[in-house]
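Here is the structure we will look at, set down as structure tokens.
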Amino acid sequence: MNPAAAPARLLAGPALAAGAEPLADHRARLGPLPTGHGEALIPVLEASGLAGRGGAGFPVGRKWRTVAQAAGDWPVVLVNGAEGEPLSAKDRALMVTRPHLVLDGALLAAEAVGADQIVLYVGEAHGAARAALGRALLQRGHAAEGRFRLVAAPPRYVAGEESAAVHYIDAGDARPTTVPPRPFERGIGGRPTLVQNVESLAHVALVARYGDGWYREAGSHAAPGTALVTTSGTGPTMVQEIEFGETIGAVAQRVGAQAVAVQAVLVGGYFGGWLEGTAAWSTALEPDALRQAGAGFGCGVISFLDQATCGVGATARVMNYMAGQSAAQCGPCVFGLRAIADATSRLARGAARPDDLAHLERWTGQVRGRGACRHPDGAVNHLASAMRVFEDEFRRHQAGRGCARHGYEARAS
Amino acid sequence: MSQPAGFQLTVDRIRCDGSGLCAELLPELIALDDWGYPMLTPGPVPAYLGGLADRAVEACPVLALRLGAAPAGVGAPGTRARQPVKAR
């Protein structure tokens with residue numbers, strides 16, 4: 001298939017069910033890796049408008065330039081495939097089926113920023129992804145020897161946060177560190193470190209071959225290109241490639257989710273936000289439109305909540321997860337997220353204390369921006385969107401007026 | 001000589017264990033959240049509170065509270081807190 005035929009770019013080629021595309025097929029389909037340009041790839045990436053796909057959406061070209069210009073020792077490239085977000089599966093799907101796109105991107109990154117080492121940091125729970133990358137490295141033979149290191153990331157939500165990833169690789173402790181210094185200034189072994197999500201690198205592998213103009217042929221002016229998204233909720237978890245600017249409704253249609261059956265849509269994952277069902281259907285999947293609607297593109301999670309499930313209960317489950325996944329370093333995160341999770345759970349169970357809802361609003365403001373990393377911010381932003389979209393439900397639960405939808409069962413963790 | 005850019009309080013969230021001494025010494029700029037951890041008023045420390053800010057920094061038992069130069073530009077890399085002259 002011609003990769004210029006958007007939107008199938010990263011997922012063009014053999015069927016995903018066929019597993020990892022071998023190196024020979026990858027080269028036959030896409031041509032050799034265009035190496036030898038070094039730093040000249042950076043302005044191309046800047047012109048392409050490619051934004052990072054780990055969740056923060058930072059411009060890839062600008063990040064590379066910062067690392068390339070950083071003073072000190074040779075930089076390191078950290079390929080982030082931790083994928084700790086419970087609702088995301090797209091990084092795994094990419095590593096399992098297109099490992100050579102990821103390795104191509106990593107090699108181009110190393111060349112552009114002048115790095116001699118590449119660390120592949122892949123979730124411990126993602127065995128198939130690590131195996132696929134390991135086999136892909138073997139297929140590359142001596143070209144990959146001594147350059148790559150495959151490290152299993154611990155299965156924690158924050159393990160993929162960039163300072164936590166650097167901390168783990170250096171000291172075996174996957175907890176975030178106080179920034180600055182940020183990894184691009186001082187990362188692995190004290191060297192400037194480029195931390196880049198696997199999907200971002202796979203896009204780079206194509207931009208290096210086809211150029212920034214090609215990249216911009218898909219998507220919108222503000223958000224060019226395609227993106228991998230993970231859909232879940234009303235059906236099985238699926239990964240698909242979309243064009244930025246497509247509506248949530250269009251994506252839903254491909255997985256058979258119907259507007260009438262969907263009460264609300266969680267976009268961006270646990271760090272993202274809820275959108276009301278009907279409004280979500282016409283919302284464009286691009287960072288600006290989603291921000292205006294109260295969510296974010298994040299790591300491309302789109303999760304549908306059916307009409308029968310209680311939004312307060314769904315929120316309580318997420319808040320309990322987020323509280324349990326705190327790295328337990330910063331007081332406002334440790335105590336704030338626990339208090340929020342407990343109050344949300346009481347509301348969900350129909351056992352609310354008189355001031356639980358008022359406390360949630362107060363604590364949302366108190367916790368935001370007060371951790372070393374963005375974990376507490378992600379949690380309270382999620383909560384704020386839930387309290388907006390499920391406002392009536394929250395009030396009913398606070399008033400003890402019962403709930404017509406499926407309740408919430410307290411769960412461990 | 002150029003004017004000093006002003007000083008700003010920051011707290012190392014990982015070090016901070018919520019003793020609350022800072023808020024006791026400098027309630028004008030530091031409030032405590034519902035769990036006893038400091039919430040700082042953003043922006044530079046007004047000159048008339050400089051001495052009290054110094055005392056709050058010194059009182060922190062875990063050295064989590066710092067007084068550093070207010071950021072001059074966005075994303076100045078490796079900004080290190082510059083200690084003001086101690087008012088004694």
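Each chain in the structure tokens gets a letter, A, B, ..., in the order shown, and its residues are numbered from 1; ligands are numbered from 1 in order too.
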Determine which residues of chain A sit within 6 Å of chain B, taking into account only C-alpha atoms, and present them as a list in words.
-> Pro181, Gln329, Cys330, Gly371 and Ala372 of chain A
Residues just named, written with C-alpha atoms as a CSV table (one decimal), in the first residue's frame:
```
chain,number,residue,atom,x,y,z
A,181,PRO,CA,17.1,19.7,36.0
A,329,GLN,CA,6.7,11.2,47.6
A,330,CYS,CA,4.7,14.4,47.7
A,371,GLY,CA,3.5,17.5,43.0
A,372,ALA,CA,7.0,17.0,41.7
```
Using only C-alpha atoms, determine which residues lie at most 6 Å from segment 38-51 of chain A, disregarding the query and same-chain residues fewer than 3 positions distant; provide the list as a PyMOL selection string.
-> chain A and resi 57-61+111-112+212
Contacts of Asp355 of chain A at 10 Å or less, counting only C-alpha atoms, minus same-chain residues fewer than 3 places along, as a list in words?
->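 Near neighbours after the sequence-gap exclusion: Ala343, Ala352, Ala358, His359, Leu360 and Gln398 of chain A.
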All residues 9 Å or closer to Pro154 of chain A, only C-alpha atoms, same chain fewer than 3 positions away omitted, as a ChimeraX atom specification | /A:82,84,122-125,157,159-160,168,174
Could those residues be written to a file, using N, CA and C atoms, as a PDB file, in the first residue's frame?
```pdb
ATOM      1  N   ALA A  82       6.896   2.560  27.896  1.00  0.00           N
ATOM      2  CA  ALA A  82       6.417   2.078  29.203  1.00  0.00           C
ATOM      3  C   ALA A  82       4.911   1.828  29.167  1.00  0.00           C
ATOM      4  N   GLY A  84       2.096   2.969  30.652  1.00  0.00           N
ATOM      5  CA  GLY A  84       1.481   2.605  31.925  1.00  0.00           C
ATOM      6  C   GLY A  84       0.013   2.966  32.010  1.00  0.00           C
ATOM      7  N   VAL A 122      10.671  -0.382  27.978  1.00  0.00           N
ATOM      8  CA  VAL A 122       9.392  -0.982  27.596  1.00  0.00           C
ATOM      9  C   VAL A 122       8.754  -1.655  28.807  1.00  0.00           C
ATOM     10  N   GLY A 123       7.459  -1.438  28.979  1.00  0.00           N
ATOM     11  CA  GLY A 123       6.734  -1.962  30.130  1.00  0.00           C
ATOM     12  C   GLY A 123       7.008  -3.429  30.404  1.00  0.00           C
ATOM     13  N   GLU A 124       7.265  -3.711  31.679  1.00  0.00           N
ATOM     14  CA  GLU A 124       7.525  -5.079  32.127  1.00  0.00           C
ATOM     15  C   GLU A 124       6.345  -5.989  31.765  1.00  0.00           C
ATOM     16  N   ALA A 125       5.146  -5.424  31.837  1.00  0.00           N
ATOM     17  CA  ALA A 125       3.950  -6.216  31.552  1.00  0.00           C
ATOM     18  C   ALA A 125       3.758  -6.438  30.051  1.00  0.00           C
ATOM     19  N   TYR A 157       1.934   3.414  37.032  1.00  0.00           N
ATOM     20  CA  TYR A 157       1.447   4.484  36.173  1.00  0.00           C
ATOM     21  C   TYR A 157       2.527   5.534  35.933  1.00  0.00           C
ATOM     22  N   ALA A 159       5.770   5.256  36.034  1.00  0.00           N
ATOM     23  CA  ALA A 159       7.078   4.783  35.580  1.00  0.00           C
ATOM     24  C   ALA A 159       7.449   5.362  34.214  1.00  0.00           C
ATOM     25  N   GLY A 160       6.449   5.766  33.437  1.00  0.00           N
ATOM     26  CA  GLY A 160       6.716   6.309  32.111  1.00  0.00           C
ATOM     27  C   GLY A 160       6.949   7.808  32.118  1.00  0.00           C
ATOM     28  N   TYR A 168      14.813   5.437  37.063  1.00  0.00           N
ATOM     29  CA  TYR A 168      14.818   3.975  37.103  1.00  0.00           C
ATOM     30  C   TYR A 168      16.039   3.407  36.398  1.00  0.00           C
ATOM     31  N   ALA A 174      11.804   3.868  40.013  1.00  0.00           N
ATOM     32  CA  ALA A 174      10.957   4.489  38.977  1.00  0.00           C
ATOM     33  C   ALA A 174      10.021   5.535  39.574  1.00  0.00           C
TER      34      ALA A 174
END
```
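Inside segment 167-270 of chain A, the residues DSSP reads as strand (DSSP E) when given the backbone are Thr193, Leu194, Val195, Gln196, Asn197, Thr226, Ala227, Leu228, Val229, Thr230, Thr231, Ser232, Met238, Val239, Gln240, Glu241, Ile242, Glu243, Val262, Gln263, Ala264, Val265, Leu266 and Val267 of chain A.
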Write a file of the selected residues as a PDB file, in the first residue's frame, keeping N, CA and C atoms.
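What ended up in out34.pdb:
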```pdb
ATOM      1  N   THR A 193      19.371  13.887  27.910  1.00  0.00           N
ATOM      2  CA  THR A 193      18.644  12.702  27.472  1.00  0.00           C
ATOM      3  C   THR A 193      17.367  13.088  26.726  1.00  0.00           C
ATOM      4  N   LEU A 194      17.245  12.538  25.524  1.00  0.00           N
ATOM      5  CA  LEU A 194      16.037  12.744  24.726  1.00  0.00           C
ATOM      6  C   LEU A 194      15.064  11.627  25.064  1.00  0.00           C
ATOM      7  N   VAL A 195      13.964  11.969  25.741  1.00  0.00           N
ATOM      8  CA  VAL A 195      12.943  10.972  26.053  1.00  0.00           C
ATOM      9  C   VAL A 195      11.831  11.127  25.037  1.00  0.00           C
ATOM     10  N   GLN A 196      11.583  10.077  24.263  1.00  0.00           N
ATOM     11  CA  GLN A 196      10.604  10.188  23.187  1.00  0.00           C
ATOM     12  C   GLN A 196       9.759   8.928  23.126  1.00  0.00           C
ATOM     13  N   ASN A 197       8.469   9.128  23.046  1.00  0.00           N
ATOM     14  CA  ASN A 197       7.519   8.022  22.964  1.00  0.00           C
ATOM     15  C   ASN A 197       7.716   7.214  21.668  1.00  0.00           C
ATOM     16  N   THR A 226      -1.241  11.965  11.344  1.00  0.00           N
ATOM     17  CA  THR A 226      -2.134  10.923  11.847  1.00  0.00           C
ATOM     18  C   THR A 226      -1.696  10.556  13.259  1.00  0.00           C
ATOM     19  N   ALA A 227      -2.530   9.789  13.923  1.00  0.00           N
ATOM     20  CA  ALA A 227      -2.212   9.363  15.285  1.00  0.00           C
ATOM     21  C   ALA A 227      -2.837   8.010  15.562  1.00  0.00           C
ATOM     22  N   LEU A 228      -2.203   7.265  16.440  1.00  0.00           N
ATOM     23  CA  LEU A 228      -2.792   6.013  16.896  1.00  0.00           C
ATOM     24  C   LEU A 228      -3.692   6.309  18.081  1.00  0.00           C
ATOM     25  N   VAL A 229      -4.850   5.678  18.093  1.00  0.00           N
ATOM     26  CA  VAL A 229      -5.752   5.825  19.233  1.00  0.00           C
ATOM     27  C   VAL A 229      -6.187   4.438  19.713  1.00  0.00           C
ATOM     28  N   THR A 230      -6.537   4.369  20.978  1.00  0.00           N
ATOM     29  CA  THR A 230      -7.054   3.133  21.558  1.00  0.00           C
ATOM     30  C   THR A 230      -8.495   3.379  21.957  1.00  0.00           C
ATOM     31  N   THR A 231      -9.405   2.599  21.401  1.00  0.00           N
ATOM     32  CA  THR A 231     -10.816   2.734  21.777  1.00  0.00           C
ATOM     33  C   THR A 231     -11.208   1.564  22.674  1.00  0.00           C
ATOM     34  N   SER A 232     -12.114   1.842  23.606  1.00  0.00           N
ATOM     35  CA  SER A 232     -12.556   0.805  24.534  1.00  0.00           C
ATOM     36  C   SER A 232     -13.869   1.232  25.158  1.00  0.00           C
ATOM     37  N   MET A 238      -9.469  -1.650  21.024  1.00  0.00           N
ATOM     38  CA  MET A 238      -8.934  -1.706  19.666  1.00  0.00           C
ATOM     39  C   MET A 238      -8.014  -0.527  19.408  1.00  0.00           C
ATOM     40  N   VAL A 239      -7.031  -0.766  18.539  1.00  0.00           N
ATOM     41  CA  VAL A 239      -6.116   0.305  18.155  1.00  0.00           C
ATOM     42  C   VAL A 239      -6.372   0.648  16.702  1.00  0.00           C
ATOM     43  N   GLN A 240      -6.495   1.924  16.405  1.00  0.00           N
ATOM     44  CA  GLN A 240      -6.645   2.338  15.006  1.00  0.00           C
ATOM     45  C   GLN A 240      -5.869   3.629  14.766  1.00  0.00           C
ATOM     46  N   GLU A 241      -5.609   3.876  13.506  1.00  0.00           N
ATOM     47  CA  GLU A 241      -4.915   5.101  13.142  1.00  0.00           C
ATOM     48  C   GLU A 241      -5.950   6.092  12.634  1.00  0.00           C
ATOM     49  N   ILE A 242      -5.877   7.313  13.136  1.00  0.00           N
ATOM     50  CA  ILE A 242      -6.838   8.335  12.726  1.00  0.00           C
ATOM     51  C   ILE A 242      -6.087   9.538  12.168  1.00  0.00           C
ATOM     52  N   GLU A 243      -6.824  10.365  11.490  1.00  0.00           N
ATOM     53  CA  GLU A 243      -6.284  11.643  11.031  1.00  0.00           C
ATOM     54  C   GLU A 243      -6.690  12.686  12.050  1.00  0.00           C
ATOM     55  N   VAL A 262     -24.146   5.667  24.146  1.00  0.00           N
ATOM     56  CA  VAL A 262     -22.995   6.209  24.866  1.00  0.00           C
ATOM     57  C   VAL A 262     -23.394   7.433  25.684  1.00  0.00           C
ATOM     58  N   GLN A 263     -23.118   7.364  26.966  1.00  0.00           N
ATOM     59  CA  GLN A 263     -23.467   8.431  27.898  1.00  0.00           C
ATOM     60  C   GLN A 263     -22.403   9.521  27.906  1.00  0.00           C
ATOM     61  N   ALA A 264     -21.149   9.106  27.847  1.00  0.00           N
ATOM     62  CA  ALA A 264     -20.037  10.051  27.904  1.00  0.00           C
ATOM     63  C   ALA A 264     -18.802   9.386  27.321  1.00  0.00           C
ATOM     64  N   VAL A 265     -17.812  10.208  26.967  1.00  0.00           N
ATOM     65  CA  VAL A 265     -16.591   9.683  26.360  1.00  0.00           C
ATOM     66  C   VAL A 265     -15.389  10.230  27.124  1.00  0.00           C
ATOM     67  N   LEU A 266     -14.517   9.334  27.537  1.00  0.00           N
ATOM     68  CA  LEU A 266     -13.276   9.751  28.190  1.00  0.00           C
ATOM     69  C   LEU A 266     -12.191   9.860  27.123  1.00  0.00           C
ATOM     70  N   VAL A 267     -11.644  11.039  26.952  1.00  0.00           N
ATOM     71  CA  VAL A 267     -10.620  11.249  25.926  1.00  0.00           C
ATOM     72  C   VAL A 267      -9.300  11.604  26.608  1.00  0.00           C
TER      73      VAL A 267
END
```
When you draw a straight line from atom CA of Leu150 of chain A to atom CA of Gly19 of chain A, how long is it in Å?
->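 Atom CA of Leu150 of chain A sits 19.8 Å away from atom CA of Gly19 of chain A.
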Residue among A:Thr315, A:Thr237, A:Ser385, A:Gln307 lying closest to Gln258 of chain A, counting only C-alpha atoms |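 The answer is A:Gln307, which sits nearest to Gln258 of chain A.
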